[in-house]
Amino acid sequence: MLDSTAASLFALPENQPIRRADVHARFHPEDSGNIFAKMAEALKPTSDGVMSVDHRILRPDHSVMWVSARKHISFSDAPDGLSHPLTGLLAVQDITARKQAEQTLRLSESRLRAYLTATTDAIYRMNPDWSEILELSGGGFVADIERPCRPWLTEYIDPDDQPHVLTAISQAIEAKGVFDLEHRVR
């Protein structure tokens, strides 16, 4: 039987006997082989009886949801001296939002990597108050640095542009906005 939460996830009736095949039919086809392999391993008398797997379910409306399933199987000793599966307790959690966030992050990181690979501009990382440059990939036109540097302003920025750069930094920090400025470098 499925409680109301599990029934809602799998789009099956709640608090009624459910055939195992009806639940298994909801497994996403690309995930079912892995799920069944983990089930088989957990059912072995020599196992700890624990199965844990994140997988997709395919609902009747063709929507896909991600769940994290954890099953604990209890074994009984039979007269033949072997352990046999007796009962199982299954907990399922909807992790669709987490998986979507992970996918969004992977896509964003991929785009950033593509941009950083394609650009010839310098890429740098500063500490929060901009008093120290933490990393600099100079793109071939300024020297790279691999460790933090405090005198970055005097070492990298043209003296005539330094006041303008400091003003733009202050404005970006105050507005909690993007620092976007063209300036000369040494």
# chains A, B, ... in the order shown; residues from 1 in each chain; ligands from 1
>>> residues_around(residues="Arg184 in chain A", least_positions_apart="4", cutoff="9 Å", atoms="only C-alpha atoms", output="PDB file with all heavy atoms, in the first residue's frame")
ATOM      1  N   TYR A 156      48.760  46.839 -11.798  1.00  0.00           N
ATOM      2  CA  TYR A 156      48.072  46.463 -13.030  1.00  0.00           C
ATOM      3  C   TYR A 156      47.307  47.588 -13.726  1.00  0.00           C
ATOM      4  O   TYR A 156      47.039  47.506 -14.915  1.00  0.00           O
ATOM      5  CB  TYR A 156      47.087  45.306 -12.757  1.00  0.00           C
ATOM      6  CG  TYR A 156      47.791  43.993 -12.528  1.00  0.00           C
ATOM      7  CD1 TYR A 156      48.054  43.540 -11.257  1.00  0.00           C
ATOM      8  CD2 TYR A 156      48.197  43.215 -13.604  1.00  0.00           C
ATOM      9  CE1 TYR A 156      48.706  42.340 -11.046  1.00  0.00           C
ATOM     10  CE2 TYR A 156      48.855  42.016 -13.411  1.00  0.00           C
ATOM     11  CZ  TYR A 156      49.110  41.581 -12.123  1.00  0.00           C
ATOM     12  OH  TYR A 156      49.752  40.397 -11.923  1.00  0.00           O
ATOM     13  N   ILE A 157      46.939  48.637 -13.008  1.00  0.00           N
ATOM     14  CA  ILE A 157      46.092  49.683 -13.587  1.00  0.00           C
ATOM     15  C   ILE A 157      46.928  50.924 -13.896  1.00  0.00           C
ATOM     16  O   ILE A 157      47.706  51.380 -13.064  1.00  0.00           O
ATOM     17  CB  ILE A 157      44.920  50.048 -12.621  1.00  0.00           C
ATOM     18  CG1 ILE A 157      44.167  48.800 -12.179  1.00  0.00           C
ATOM     19  CG2 ILE A 157      43.994  51.081 -13.255  1.00  0.00           C
ATOM     20  CD1 ILE A 157      43.525  48.001 -13.288  1.00  0.00           C
ATOM     21  N   ASP A 158      46.728  51.464 -15.073  1.00  0.00           N
ATOM     22  CA  ASP A 158      47.429  52.679 -15.483  1.00  0.00           C
ATOM     23  C   ASP A 158      47.158  53.778 -14.441  1.00  0.00           C
ATOM     24  O   ASP A 158      46.014  53.956 -14.005  1.00  0.00           O
ATOM     25  CB  ASP A 158      46.914  53.115 -16.873  1.00  0.00           C
ATOM     26  CG  ASP A 158      47.662  54.299 -17.411  1.00  0.00           C
ATOM     27  OD1 ASP A 158      47.327  55.448 -17.014  1.00  0.00           O
ATOM     28  OD2 ASP A 158      48.571  54.084 -18.232  1.00  0.00           O
ATOM     29  N   PRO A 159      48.199  54.511 -14.025  1.00  0.00           N
ATOM     30  CA  PRO A 159      48.019  55.529 -12.978  1.00  0.00           C
ATOM     31  C   PRO A 159      46.931  56.552 -13.280  1.00  0.00           C
ATOM     32  O   PRO A 159      46.214  56.982 -12.375  1.00  0.00           O
ATOM     33  CB  PRO A 159      49.393  56.208 -12.884  1.00  0.00           C
ATOM     34  CG  PRO A 159      50.354  55.208 -13.429  1.00  0.00           C
ATOM     35  CD  PRO A 159      49.595  54.412 -14.462  1.00  0.00           C
ATOM     36  N   ASP A 160      46.769  56.929 -14.550  1.00  0.00           N
ATOM     37  CA  ASP A 160      45.741  57.914 -14.898  1.00  0.00           C
ATOM     38  C   ASP A 160      44.325  57.353 -14.740  1.00  0.00           C
ATOM     39  O   ASP A 160      43.370  58.110 -14.580  1.00  0.00           O
ATOM     40  CB  ASP A 160      45.940  58.406 -16.337  1.00  0.00           C
ATOM     41  CG  ASP A 160      47.218  59.223 -16.502  1.00  0.00           C
ATOM     42  OD1 ASP A 160      47.714  59.769 -15.483  1.00  0.00           O
ATOM     43  OD2 ASP A 160      47.713  59.305 -17.641  1.00  0.00           O
ATOM     44  N   ASP A 161      44.179  56.028 -14.812  1.00  0.00           N
ATOM     45  CA  ASP A 161      42.853  55.394 -14.716  1.00  0.00           C
ATOM     46  C   ASP A 161      42.505  54.942 -13.301  1.00  0.00           C
ATOM     47  O   ASP A 161      41.354  54.566 -13.028  1.00  0.00           O
ATOM     48  CB  ASP A 161      42.779  54.169 -15.645  1.00  0.00           C
ATOM     49  CG  ASP A 161      42.717  54.564 -17.117  1.00  0.00           C
ATOM     50  OD1 ASP A 161      42.528  55.767 -17.405  1.00  0.00           O
ATOM     51  OD2 ASP A 161      42.855  53.672 -17.969  1.00  0.00           O
TER      52      ASP A 161
END
>>> residues_around(residues="range 68-82 of chain A", least_positions_apart="5", cutoff="10 Å", atoms="only C-alpha atoms", output="list in words")
Ile35, Met39, Ala42, Leu43, Lys44, Pro45, Thr46, Ser47, Asp48, Gly49, Val50, Met51, Ser52, Val53, Asp54, His55, Arg56, Thr87, Gly88, Leu89, Leu90, Ala91, Val92, Gln93, Asp94, Ile95 and Thr96 of chain A
>>> write_last_selection(atoms="N, CA and C atoms", output="PDB file, in the first residue's frame")
ATOM      1  N   ILE A  35      17.779   0.214 -11.257  1.00  0.00           N
ATOM      2  CA  ILE A  35      16.914  -0.008 -10.087  1.00  0.00           C
ATOM      3  C   ILE A  35      16.790  -1.502  -9.807  1.00  0.00           C
ATOM      4  N   MET A  39      17.919  -3.626  -6.554  1.00  0.00           N
ATOM      5  CA  MET A  39      16.957  -4.453  -5.815  1.00  0.00           C
ATOM      6  C   MET A  39      17.492  -5.869  -5.657  1.00  0.00           C
ATOM      7  N   ALA A  42      20.136  -6.018  -3.025  1.00  0.00           N
ATOM      8  CA  ALA A  42      19.593  -5.870  -1.664  1.00  0.00           C
ATOM      9  C   ALA A  42      18.847  -7.124  -1.213  1.00  0.00           C
ATOM     10  N   LEU A  43      18.321  -7.899  -2.149  1.00  0.00           N
ATOM     11  CA  LEU A  43      17.572  -9.117  -1.810  1.00  0.00           C
ATOM     12  C   LEU A  43      18.466 -10.317  -1.539  1.00  0.00           C
ATOM     13  N   LYS A  44      19.732 -10.200  -1.812  1.00  0.00           N
ATOM     14  CA  LYS A  44      20.645 -11.315  -1.548  1.00  0.00           C
ATOM     15  C   LYS A  44      20.750 -11.536  -0.037  1.00  0.00           C
ATOM     16  N   PRO A  45      20.682 -12.789   0.399  1.00  0.00           N
ATOM     17  CA  PRO A  45      20.776 -13.075   1.841  1.00  0.00           C
ATOM     18  C   PRO A  45      22.086 -12.591   2.469  1.00  0.00           C
ATOM     19  N   THR A  46      23.124 -12.421   1.679  1.00  0.00           N
ATOM     20  CA  THR A  46      24.412 -11.964   2.210  1.00  0.00           C
ATOM     21  C   THR A  46      24.518 -10.440   2.271  1.00  0.00           C
ATOM     22  N   SER A  47      23.497  -9.730   1.766  1.00  0.00           N
ATOM     23  CA  SER A  47      23.552  -8.262   1.752  1.00  0.00           C
ATOM     24  C   SER A  47      23.075  -7.702   3.091  1.00  0.00           C
ATOM     25  N   ASP A  48      23.222  -6.398   3.237  1.00  0.00           N
ATOM     26  CA  ASP A  48      22.693  -5.736   4.436  1.00  0.00           C
ATOM     27  C   ASP A  48      21.214  -5.413   4.278  1.00  0.00           C
ATOM     28  N   GLY A  49      20.648  -5.723   3.116  1.00  0.00           N
ATOM     29  CA  GLY A  49      19.225  -5.516   2.882  1.00  0.00           C
ATOM     30  C   GLY A  49      18.840  -4.074   2.617  1.00  0.00           C
ATOM     31  N   VAL A  50      19.833  -3.229   2.336  1.00  0.00           N
ATOM     32  CA  VAL A  50      19.550  -1.807   2.120  1.00  0.00           C
ATOM     33  C   VAL A  50      19.775  -1.465   0.650  1.00  0.00           C
ATOM     34  N   MET A  51      18.803  -0.772   0.085  1.00  0.00           N
ATOM     35  CA  MET A  51      18.904  -0.287  -1.283  1.00  0.00           C
ATOM     36  C   MET A  51      18.663   1.220  -1.250  1.00  0.00           C
ATOM     37  N   SER A  52      19.517   1.959  -1.938  1.00  0.00           N
ATOM     38  CA  SER A  52      19.349   3.404  -2.018  1.00  0.00           C
ATOM     39  C   SER A  52      19.619   3.813  -3.457  1.00  0.00           C
ATOM     40  N   VAL A  53      18.657   4.498  -4.063  1.00  0.00           N
ATOM     41  CA  VAL A  53      18.816   4.882  -5.462  1.00  0.00           C
ATOM     42  C   VAL A  53      17.984   6.124  -5.769  1.00  0.00           C
ATOM     43  N   ASP A  54      18.579   7.037  -6.527  1.00  0.00           N
ATOM     44  CA  ASP A  54      17.840   8.180  -7.072  1.00  0.00           C
ATOM     45  C   ASP A  54      17.460   7.799  -8.493  1.00  0.00           C
ATOM     46  N   HIS A  55      16.207   8.003  -8.839  1.00  0.00           N
ATOM     47  CA  HIS A  55      15.774   7.634 -10.185  1.00  0.00           C
ATOM     48  C   HIS A  55      14.554   8.441 -10.595  1.00  0.00           C
ATOM     49  N   ARG A  56      14.252   8.331 -11.878  1.00  0.00           N
ATOM     50  CA  ARG A  56      13.106   9.043 -12.424  1.00  0.00           C
ATOM     51  C   ARG A  56      11.896   8.123 -12.473  1.00  0.00           C
ATOM     52  N   THR A  87      10.196  -8.963   4.900  1.00  0.00           N
ATOM     53  CA  THR A  87       9.433  -7.726   4.705  1.00  0.00           C
ATOM     54  C   THR A  87      10.369  -6.643   4.170  1.00  0.00           C
ATOM     55  N   GLY A  88       9.754  -5.608   3.650  1.00  0.00           N
ATOM     56  CA  GLY A  88      10.537  -4.472   3.171  1.00  0.00           C
ATOM     57  C   GLY A  88       9.846  -3.176   3.530  1.00  0.00           C
ATOM     58  N   LEU A  89      10.644  -2.208   3.885  1.00  0.00           N
ATOM     59  CA  LEU A  89      10.125  -0.871   4.185  1.00  0.00           C
ATOM     60  C   LEU A  89      10.762   0.091   3.186  1.00  0.00           C
ATOM     61  N   LEU A  90       9.925   0.844   2.494  1.00  0.00           N
ATOM     62  CA  LEU A  90      10.395   1.733   1.445  1.00  0.00           C
ATOM     63  C   LEU A  90      10.058   3.180   1.796  1.00  0.00           C
ATOM     64  N   ALA A  91      11.040   4.052   1.667  1.00  0.00           N
ATOM     65  CA  ALA A  91      10.828   5.494   1.841  1.00  0.00           C
ATOM     66  C   ALA A  91      11.203   6.172   0.525  1.00  0.00           C
ATOM     67  N   VAL A  92      10.324   7.038   0.048  1.00  0.00           N
ATOM     68  CA  VAL A  92      10.538   7.720  -1.229  1.00  0.00           C
ATOM     69  C   VAL A  92      10.375   9.219  -1.007  1.00  0.00           C
ATOM     70  N   GLN A  93      11.306   9.990  -1.550  1.00  0.00           N
ATOM     71  CA  GLN A  93      11.264  11.448  -1.411  1.00  0.00           C
ATOM     72  C   GLN A  93      11.325  12.080  -2.791  1.00  0.00           C
ATOM     73  N   ASP A  94      10.508  13.075  -3.024  1.00  0.00           N
ATOM     74  CA  ASP A  94      10.518  13.829  -4.280  1.00  0.00           C
ATOM     75  C   ASP A  94      11.749  14.734  -4.290  1.00  0.00           C
ATOM     76  N   ILE A  95      12.642  14.513  -5.243  1.00  0.00           N
ATOM     77  CA  ILE A  95      13.844  15.340  -5.365  1.00  0.00           C
ATOM     78  C   ILE A  95      13.889  16.048  -6.721  1.00  0.00           C
ATOM     79  N   THR A  96      12.731  16.206  -7.337  1.00  0.00           N
ATOM     80  CA  THR A  96      12.659  16.820  -8.659  1.00  0.00           C
ATOM     81  C   THR A  96      13.261  18.224  -8.657  1.00  0.00           C
TER      82      THR A  96
END
>>> atom_distance(atom1="CA of Ile57 in chain A", atom2="CA of Pro85 in chain A")
25.2 Å
>>> residues_around(residues="Asp180 in chain A", least_positions_apart="6", cutoff="9 Å", atoms="only C-alpha atoms", output="list in words")
Ala168, Ile169 and Ala172 of chain A
>>> write_last_selection(atoms="N, CA, C and O atoms", output="CSV table (one decimal), in the first residue's frame")
chain,number,residue,atom,x,y,z
A,168,ALA,N,34.4,53.4,-9.9
A,168,ALA,CA,33.5,52.4,-10.5
A,168,ALA,C,33.3,51.2,-9.5
A,168,ALA,O,32.2,50.7,-9.4
A,169,ILE,N,34.4,50.8,-8.9
A,169,ILE,CA,34.3,49.7,-7.9
A,169,ILE,C,33.4,50.1,-6.7
A,169,ILE,O,32.5,49.4,-6.3
A,172,ALA,N,29.8,50.0,-7.8
A,172,ALA,CA,29.3,48.6,-8.0
A,172,ALA,C,29.1,47.9,-6.6
A,172,ALA,O,28.1,47.2,-6.5
>>> select_by_dssp(residues="chain A", states="alpha helix (DSSP H)", output="VMD selection string")
chain A and resid 4 to 10 20 to 24 29 to 43 96 to 118 152 to 156 162 to 175
>>> closest_residue(among="A:Val185, A:Arg26, A:Gly177, A:Ile145", to="Val165 in chain A", atoms="only C-alpha atoms")
A:Val185
>>> residues_around(residues="Val23 in chain A", least_positions_apart="2", cutoff="10 Å", atoms="only C-alpha atoms", output="list in words")
Leu2, Ala7, Phe10, Ala11, Leu12, Ile18, Arg19, Arg20, Ala21, Ala25, Arg26, Phe27 and Ile57 of chain A
>>> atom_distance(atom1="CA of His28 in chain A", atom2="CA of Gln100 in chain A")
16.3 Å
>>> atom_distance(atom1="CA of Ser63 in chain A", atom2="CA of Leu9 in chain A")
10.8 Å
>>> select_by_dssp(residues="range 14-139 of chain A", states="strand (DSSP E)", output="VMD selection string")
chain A and resid 50 to 58 64 to 77 83 to 94 123 to 126 133 to 137
